[in-house]
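S.K.: Hey, dropping entry-v7.cif in here, mmCIF, N, CA and C atoms:
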```
data_query
loop_
_atom_site.label_atom_id
_atom_site.label_comp_id
_atom_site.auth_asym_id
_atom_site.auth_seq_id
_atom_site.Cartn_x
_atom_site.Cartn_y
_atom_site.Cartn_z
N MET A 24 83.10 85.15 99.27
CA MET A 24 81.73 85.48 98.97
C MET A 24 81.27 84.79 97.69
N SER A 25 82.15 84.78 96.69
CA SER A 25 81.78 84.15 95.43
C SER A 25 81.67 82.65 95.55
N LEU A 26 82.39 82.06 96.51
CA LEU A 26 82.33 80.61 96.70
C LEU A 26 80.99 80.20 97.28
N SER A 27 80.50 80.93 98.27
CA SER A 27 79.25 80.55 98.93
C SER A 27 78.03 81.27 98.37
N GLY A 28 78.23 82.33 97.63
CA GLY A 28 77.11 83.09 97.08
C GLY A 28 76.50 84.06 98.07
N VAL A 29 77.21 84.38 99.14
CA VAL A 29 76.70 85.32 100.14
C VAL A 29 77.03 86.74 99.67
N GLY A 30 76.00 87.54 99.47
CA GLY A 30 76.18 88.93 99.06
C GLY A 30 76.45 89.12 97.58
N THR A 31 76.60 88.04 96.85
CA THR A 31 76.88 88.11 95.42
C THR A 31 76.47 86.79 94.78
N LYS A 32 76.47 86.78 93.48
CA LYS A 32 76.13 85.55 92.76
C LYS A 32 77.27 84.53 92.96
N ARG A 33 76.91 83.27 93.17
CA ARG A 33 77.92 82.21 93.32
C ARG A 33 78.67 82.06 92.00
N ASP A 34 80.00 82.18 92.08
CA ASP A 34 80.84 82.05 90.89
C ASP A 34 82.16 81.41 91.31
N TYR A 35 82.29 80.11 91.02
CA TYR A 35 83.48 79.38 91.43
C TYR A 35 84.74 79.88 90.73
N GLY A 36 84.62 80.33 89.51
CA GLY A 36 85.77 80.86 88.78
C GLY A 36 86.35 82.08 89.44
N ILE A 37 85.48 83.00 89.85
CA ILE A 37 85.92 84.21 90.54
C ILE A 37 86.50 83.85 91.91
N ALA A 38 85.85 82.92 92.61
CA ALA A 38 86.34 82.48 93.92
C ALA A 38 87.74 81.90 93.78
N LEU A 39 87.93 81.05 92.77
CA LEU A 39 89.24 80.44 92.54
C LEU A 39 90.29 81.50 92.27
N LYS A 40 89.94 82.48 91.44
CA LYS A 40 90.87 83.57 91.11
C LYS A 40 91.28 84.34 92.36
N HIS A 41 90.30 84.69 93.19
CA HIS A 41 90.58 85.47 94.40
C HIS A 41 91.39 84.67 95.40
N PHE A 42 91.07 83.38 95.57
CA PHE A 42 91.83 82.55 96.50
C PHE A 42 93.26 82.37 96.02
N ASN A 43 93.47 82.25 94.72
CA ASN A 43 94.84 82.14 94.19
C ASN A 43 95.63 83.41 94.46
N ILE A 44 95.01 84.55 94.26
CA ILE A 44 95.69 85.83 94.53
C ILE A 44 96.04 85.94 96.02
N ALA A 45 95.07 85.62 96.87
CA ALA A 45 95.29 85.71 98.32
C ALA A 45 96.35 84.71 98.78
N SER A 46 96.36 83.52 98.19
CA SER A 46 97.34 82.51 98.61
C SER A 46 98.76 82.95 98.26
N LYS A 47 98.92 83.72 97.19
CA LYS A 47 100.25 84.22 96.84
C LYS A 47 100.77 85.21 97.87
N SER A 48 99.85 85.78 98.65
CA SER A 48 100.25 86.68 99.74
C SER A 48 100.38 85.92 101.06
N GLY A 49 100.18 84.60 101.02
CA GLY A 49 100.34 83.78 102.21
C GLY A 49 99.11 83.68 103.09
N HIS A 50 97.95 84.04 102.57
CA HIS A 50 96.73 83.99 103.36
C HIS A 50 96.32 82.54 103.61
N VAL A 51 96.36 82.12 104.88
CA VAL A 51 96.13 80.73 105.25
C VAL A 51 94.73 80.25 104.85
N LEU A 52 93.73 81.08 105.06
CA LEU A 52 92.37 80.68 104.73
C LEU A 52 92.21 80.47 103.22
N ALA A 53 92.95 81.21 102.42
CA ALA A 53 92.90 81.02 100.97
C ALA A 53 93.46 79.65 100.60
N PHE A 54 94.55 79.24 101.24
CA PHE A 54 95.10 77.91 101.00
C PHE A 54 94.08 76.83 101.37
N TYR A 55 93.41 77.04 102.50
CA TYR A 55 92.40 76.07 102.95
C TYR A 55 91.26 75.96 101.93
N ASN A 56 90.74 77.11 101.52
CA ASN A 56 89.63 77.10 100.57
C ASN A 56 90.03 76.49 99.23
N LEU A 57 91.24 76.78 98.77
CA LEU A 57 91.72 76.16 97.53
C LEU A 57 91.83 74.65 97.70
N GLY A 58 92.34 74.22 98.83
CA GLY A 58 92.46 72.79 99.10
C GLY A 58 91.11 72.10 99.08
N MET A 59 90.12 72.72 99.70
CA MET A 59 88.79 72.13 99.74
C MET A 59 88.14 72.12 98.36
N MET A 60 88.39 73.14 97.56
CA MET A 60 87.85 73.18 96.20
C MET A 60 88.46 72.04 95.37
N HIS A 61 89.77 71.84 95.50
CA HIS A 61 90.42 70.76 94.75
C HIS A 61 90.01 69.39 95.27
N ALA A 62 89.81 69.26 96.56
CA ALA A 62 89.41 67.98 97.15
C ALA A 62 88.02 67.57 96.68
N GLY A 63 87.12 68.54 96.58
CA GLY A 63 85.75 68.23 96.21
C GLY A 63 85.41 68.46 94.75
N GLY A 64 86.37 68.95 93.97
CA GLY A 64 86.09 69.24 92.57
C GLY A 64 85.11 70.38 92.41
N ILE A 65 85.22 71.37 93.27
CA ILE A 65 84.31 72.52 93.24
C ILE A 65 84.93 73.62 92.38
N GLY A 66 84.44 73.78 91.18
CA GLY A 66 84.94 74.79 90.27
C GLY A 66 86.24 74.43 89.57
N VAL A 67 86.80 73.29 89.92
CA VAL A 67 88.04 72.80 89.31
C VAL A 67 87.93 71.29 89.15
N MET A 68 88.84 70.72 88.34
CA MET A 68 88.89 69.26 88.26
C MET A 68 89.36 68.74 89.61
N ARG A 69 88.73 67.69 90.10
CA ARG A 69 89.12 67.13 91.38
C ARG A 69 90.56 66.62 91.29
N ASN A 70 91.38 67.05 92.24
CA ASN A 70 92.79 66.67 92.25
C ASN A 70 93.22 66.50 93.70
N CYS A 71 93.26 65.24 94.14
CA CYS A 71 93.58 64.96 95.54
C CYS A 71 95.01 65.33 95.90
N GLN A 72 95.93 65.18 94.96
CA GLN A 72 97.33 65.52 95.24
C GLN A 72 97.46 67.02 95.49
N THR A 73 96.86 67.83 94.64
CA THR A 73 96.91 69.29 94.84
C THR A 73 96.22 69.67 96.14
N ALA A 74 95.07 69.05 96.42
CA ALA A 74 94.34 69.32 97.66
C ALA A 74 95.21 69.00 98.87
N ALA A 75 95.87 67.85 98.83
CA ALA A 75 96.72 67.44 99.95
C ALA A 75 97.88 68.41 100.16
N GLU A 76 98.49 68.87 99.08
CA GLU A 76 99.59 69.83 99.18
C GLU A 76 99.12 71.15 99.79
N LEU A 77 97.96 71.62 99.35
CA LEU A 77 97.43 72.88 99.87
C LEU A 77 97.06 72.75 101.35
N LEU A 78 96.41 71.66 101.71
CA LEU A 78 95.99 71.47 103.10
C LEU A 78 97.19 71.19 104.01
N LYS A 79 98.23 70.55 103.47
CA LYS A 79 99.48 70.36 104.22
C LYS A 79 100.10 71.71 104.52
N ASN A 80 100.04 72.61 103.55
CA ASN A 80 100.56 73.96 103.74
C ASN A 80 99.84 74.65 104.90
N VAL A 81 98.54 74.47 104.97
CA VAL A 81 97.75 75.06 106.06
C VAL A 81 98.18 74.47 107.40
N ALA A 82 98.30 73.15 107.45
CA ALA A 82 98.66 72.48 108.70
C ALA A 82 100.05 72.88 109.18
N GLU A 83 100.98 73.05 108.25
CA GLU A 83 102.34 73.43 108.62
C GLU A 83 102.43 74.83 109.18
N ARG A 84 101.53 75.68 108.76
CA ARG A 84 101.57 77.06 109.24
C ARG A 84 101.04 77.18 110.65
N GLY A 85 100.06 76.36 111.01
CA GLY A 85 99.52 76.39 112.37
C GLY A 85 99.23 77.78 112.86
N THR A 86 99.51 78.01 114.14
CA THR A 86 99.24 79.32 114.73
C THR A 86 100.24 80.36 114.23
N TRP A 87 101.40 79.89 113.74
CA TRP A 87 102.40 80.81 113.21
C TRP A 87 101.82 81.63 112.07
N GLY A 88 101.10 80.97 111.17
CA GLY A 88 100.49 81.65 110.03
C GLY A 88 99.46 82.67 110.46
N ASN A 89 98.66 82.31 111.46
CA ASN A 89 97.65 83.25 111.95
C ASN A 89 98.31 84.48 112.57
N ASN A 90 99.38 84.24 113.35
CA ASN A 90 100.08 85.37 113.96
C ASN A 90 100.73 86.26 112.91
N LEU A 91 101.26 85.66 111.86
CA LEU A 91 101.85 86.44 110.78
C LEU A 91 100.79 87.29 110.09
N MET A 92 99.62 86.72 109.85
CA MET A 92 98.53 87.47 109.23
C MET A 92 98.07 88.61 110.14
N ASP A 93 98.04 88.37 111.45
CA ASP A 93 97.67 89.42 112.40
C ASP A 93 98.67 90.58 112.34
N ALA A 94 99.96 90.24 112.32
CA ALA A 94 101.00 91.26 112.25
C ALA A 94 100.89 92.06 110.96
N HIS A 95 100.63 91.37 109.88
CA HIS A 95 100.47 92.03 108.58
C HIS A 95 99.28 93.01 108.60
N ALA A 96 98.17 92.56 109.17
CA ALA A 96 96.99 93.42 109.27
C ALA A 96 97.26 94.64 110.13
N LEU A 97 97.96 94.45 111.25
CA LEU A 97 98.30 95.58 112.12
C LEU A 97 99.16 96.60 111.38
N TYR A 98 100.12 96.11 110.63
CA TYR A 98 101.00 97.01 109.87
C TYR A 98 100.20 97.84 108.87
N HIS A 99 99.29 97.19 108.15
CA HIS A 99 98.51 97.92 107.14
C HIS A 99 97.48 98.86 107.75
N LYS A 100 97.12 98.65 109.01
CA LYS A 100 96.20 99.56 109.69
C LYS A 100 96.95 100.73 110.33
N GLY A 101 98.29 100.70 110.22
CA GLY A 101 99.08 101.80 110.75
C GLY A 101 99.64 101.56 112.13
N PHE A 102 99.40 100.39 112.72
CA PHE A 102 99.92 100.06 114.04
C PHE A 102 101.30 99.41 113.88
N VAL A 103 102.25 100.22 113.44
CA VAL A 103 103.58 99.73 113.06
C VAL A 103 104.30 99.12 114.26
N ASP A 104 104.24 99.78 115.42
CA ASP A 104 104.94 99.26 116.60
C ASP A 104 104.40 97.90 117.02
N SER A 105 103.09 97.76 117.05
CA SER A 105 102.49 96.47 117.42
C SER A 105 102.83 95.39 116.41
N ALA A 106 102.83 95.76 115.13
CA ALA A 106 103.18 94.80 114.08
C ALA A 106 104.63 94.36 114.24
N LEU A 107 105.51 95.32 114.52
CA LEU A 107 106.92 95.00 114.68
C LEU A 107 107.13 94.01 115.82
N ILE A 108 106.45 94.23 116.92
CA ILE A 108 106.58 93.31 118.07
C ILE A 108 106.16 91.91 117.67
N LYS A 109 105.02 91.79 116.97
CA LYS A 109 104.57 90.48 116.53
C LYS A 109 105.57 89.84 115.57
N TYR A 110 106.09 90.62 114.63
CA TYR A 110 107.08 90.09 113.69
C TYR A 110 108.33 89.62 114.42
N LEU A 111 108.79 90.41 115.38
CA LEU A 111 110.00 90.02 116.12
C LEU A 111 109.77 88.76 116.94
N LEU A 112 108.61 88.63 117.55
CA LEU A 112 108.30 87.41 118.30
C LEU A 112 108.24 86.20 117.37
N LEU A 113 107.69 86.38 116.20
CA LEU A 113 107.66 85.28 115.22
C LEU A 113 109.07 84.90 114.78
N ALA A 114 109.92 85.90 114.61
CA ALA A 114 111.29 85.63 114.19
C ALA A 114 112.06 84.87 115.26
N GLU A 115 111.69 85.07 116.51
CA GLU A 115 112.35 84.38 117.62
C GLU A 115 111.99 82.89 117.67
N ARG A 116 110.82 82.55 117.17
CA ARG A 116 110.36 81.16 117.24
C ARG A 116 111.21 80.26 116.36
N ASP A 117 111.52 79.11 116.87
CA ASP A 117 112.31 78.15 116.10
C ASP A 117 111.36 77.36 115.22
N THR A 118 111.27 77.75 113.96
CA THR A 118 110.37 77.08 113.03
C THR A 118 110.96 77.09 111.64
N LYS A 119 110.62 76.10 110.85
CA LYS A 119 111.14 76.05 109.48
C LYS A 119 110.50 77.11 108.59
N LEU A 120 109.44 77.76 109.09
CA LEU A 120 108.78 78.80 108.31
C LEU A 120 109.29 80.19 108.67
N HIS A 121 110.43 80.24 109.34
CA HIS A 121 111.01 81.52 109.77
C HIS A 121 111.14 82.48 108.59
N LYS A 122 110.63 83.68 108.76
CA LYS A 122 110.65 84.69 107.71
C LYS A 122 111.44 85.90 108.21
N PRO A 123 112.76 85.92 108.08
CA PRO A 123 113.54 87.02 108.63
C PRO A 123 113.35 88.35 107.92
N THR A 124 112.75 88.38 106.75
CA THR A 124 112.64 89.64 106.02
C THR A 124 111.58 90.56 106.60
N GLN A 125 110.52 90.03 107.18
CA GLN A 125 109.47 90.89 107.71
C GLN A 125 109.95 91.78 108.85
N PRO A 126 110.64 91.24 109.89
CA PRO A 126 111.09 92.14 110.95
C PRO A 126 112.09 93.17 110.44
N SER A 127 113.01 92.79 109.58
CA SER A 127 113.97 93.77 109.10
C SER A 127 113.29 94.84 108.26
N PHE A 128 112.28 94.44 107.48
CA PHE A 128 111.53 95.43 106.70
C PHE A 128 110.84 96.40 107.64
N SER A 129 110.23 95.91 108.71
CA SER A 129 109.52 96.77 109.65
C SER A 129 110.48 97.71 110.36
N ILE A 130 111.69 97.20 110.71
CA ILE A 130 112.68 98.04 111.37
C ILE A 130 113.11 99.16 110.42
N GLU A 131 113.35 98.82 109.15
CA GLU A 131 113.71 99.84 108.17
C GLU A 131 112.60 100.88 108.04
N ARG A 132 111.36 100.41 108.04
CA ARG A 132 110.20 101.31 107.93
C ARG A 132 110.15 102.25 109.14
N LEU A 133 110.40 101.70 110.34
CA LEU A 133 110.37 102.54 111.54
C LEU A 133 111.46 103.60 111.52
N GLN A 134 112.61 103.28 110.95
CA GLN A 134 113.72 104.23 110.92
C GLN A 134 113.40 105.42 110.01
N THR A 135 112.49 105.24 109.06
CA THR A 135 112.14 106.35 108.15
C THR A 135 111.04 107.23 108.72
N LEU A 136 110.42 106.81 109.82
CA LEU A 136 109.32 107.61 110.40
C LEU A 136 109.83 108.79 111.18
#
```
Let me see the structure of the file written as structure tokens.
M.R.:
Amino acid sequence: MSLSGVGTKRDYGIALKHFNIASKSGHVLAFYNLGMMHAGGIGVMRNCQTAAELLKNVAERGTWGNNLMDAHALYHKGFVDSALIKYLLLAERDTKLHKPTQPSFSIERLQTL
């Protein structure tokens, strides 16, 4: 919202701060927005190398990243079983981005219910 000025005053500094926080949680769209900000010098010094690294991160995640974000959202909405299934399916995929900790965390969480 702060990047485009929709619903609030346009503030690139706040947008940058929020995208950095979200990217630390693995939010793919945050990586994309940071990459575009660095590519165009929007609120930051233009840095093509940083932009390329961020956008490469987005490309490498592909649909895997979107599915991971979906599973995370389901878990936080309380749909633990659905989230677990998504996490387990992601763990089954042969990818260099394999994250074995999420399914085991979900299984541990289910055992405490």
S.K.: One number please: CA of Ile44 (chain A) to atom N of Asp104 (chain A), in Å, one decimal.
M.R.: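 Going from CA of Ile44 (chain A) over to atom N of Asp104 (chain A) covers 26.5 Å.
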S.K.: Between A:Leu112, A:Ile65, A:Ala75, A:Val81, single out the one closest to Tyr35 (chain A), counting only N, CA and C atoms.
M.R.: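 Of all the options, A:Ile65 lies closest to Tyr35 (chain A).
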S.K.: Could the residues of region 74-102 of chain A that have an atom at most 8 Å from region 107-110 of chain A be listed as JSON lines, each with its closest atom pair and the distance in Å to one decimal, counting all atoms listed in the file and ordered by chain and ascending residue number?
M.R.:
```
{"residue": "A:Asn90", "atom": "C", "partner": "A:Lys109", "partner_atom": "C", "distance": 6.6}
{"residue": "A:Leu91", "atom": "CA", "partner": "A:Lys109", "partner_atom": "C", "distance": 7.0}
{"residue": "A:Asp93", "atom": "C", "partner": "A:Lys109", "partner_atom": "CA", "distance": 7.2}
{"residue": "A:Ala94", "atom": "CA", "partner": "A:Lys109", "partner_atom": "CA", "distance": 5.6}
{"residue": "A:His95", "atom": "N", "partner": "A:Tyr110", "partner_atom": "N", "distance": 7.3}
{"residue": "A:Leu97", "atom": "C", "partner": "A:Leu107", "partner_atom": "N", "distance": 7.2}
{"residue": "A:Tyr98", "atom": "N", "partner": "A:Leu107", "partner_atom": "N", "distance": 6.7}
{"residue": "A:Phe102", "atom": "C", "partner": "A:Leu107", "partner_atom": "N", "distance": 5.9}
```
S.K.: Would you please work out which residue, of A:Ala114, A:Leu39, A:Val103, A:Ala96, is nearest to Gly66 (chain A) when using only N, CA and C atoms?
M.R.: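 Result for the nearest residue to Gly66 (chain A): A:Leu39.
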S.K.: In Å, rounded to a single decimal, give me how far atom C of Phe54 (chain A) is from CA of Asn80 (chain A).
M.R.: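 Between these atoms lies a distance of 7.5 Å.
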S.K.: Can you list, as a list in words, the residues that the PyMOL selection byres (((chain A and resi 45-51 and name CA) around 10) and name CA) selects here?
M.R.: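 Taken over the shown coordinates, the PyMOL selection byres (((chain A and resi 45-51 and name CA) around 10) and name CA) returns Leu39, Lys40, His41, Phe42, Asn43, Ile44, Leu52, Ala53, Phe54, Tyr55, Asn56, Leu57, Leu77, Leu78, Asn80, Val81, Ala82, Arg84, Gly85, Gly88, Asn89, Leu91 and Met92 of chain A.
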S.K.: Would you mind reading off the distance between atom N of Gly36 (chain A) and atom C of Gly64 (chain A), one decimal, in Å?
M.R.: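 A separation of 10.4 Å between them.
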S.K.: Let me have the centre and edge lengths of the axis-aligned box enclosing all listed atoms of region 92-110 of chain A with 5 Å padding on every side, in Å to one decimal, as lines of an AutoDock Vina configuration file.
M.R.:
```
center_x = 102.3
center_y = 94.3
center_z = 112.6
size_x = 22.1
size_y = 25.1
size_z = 20.9
```
S.K.: So which residues of region 45-126 of chain A fall under helix (DSSP H, G or I) by DSSP, listed as number ranges by chain?
M.R.: A: 45-47, 51-63, 71-99, 103-115, 124-126
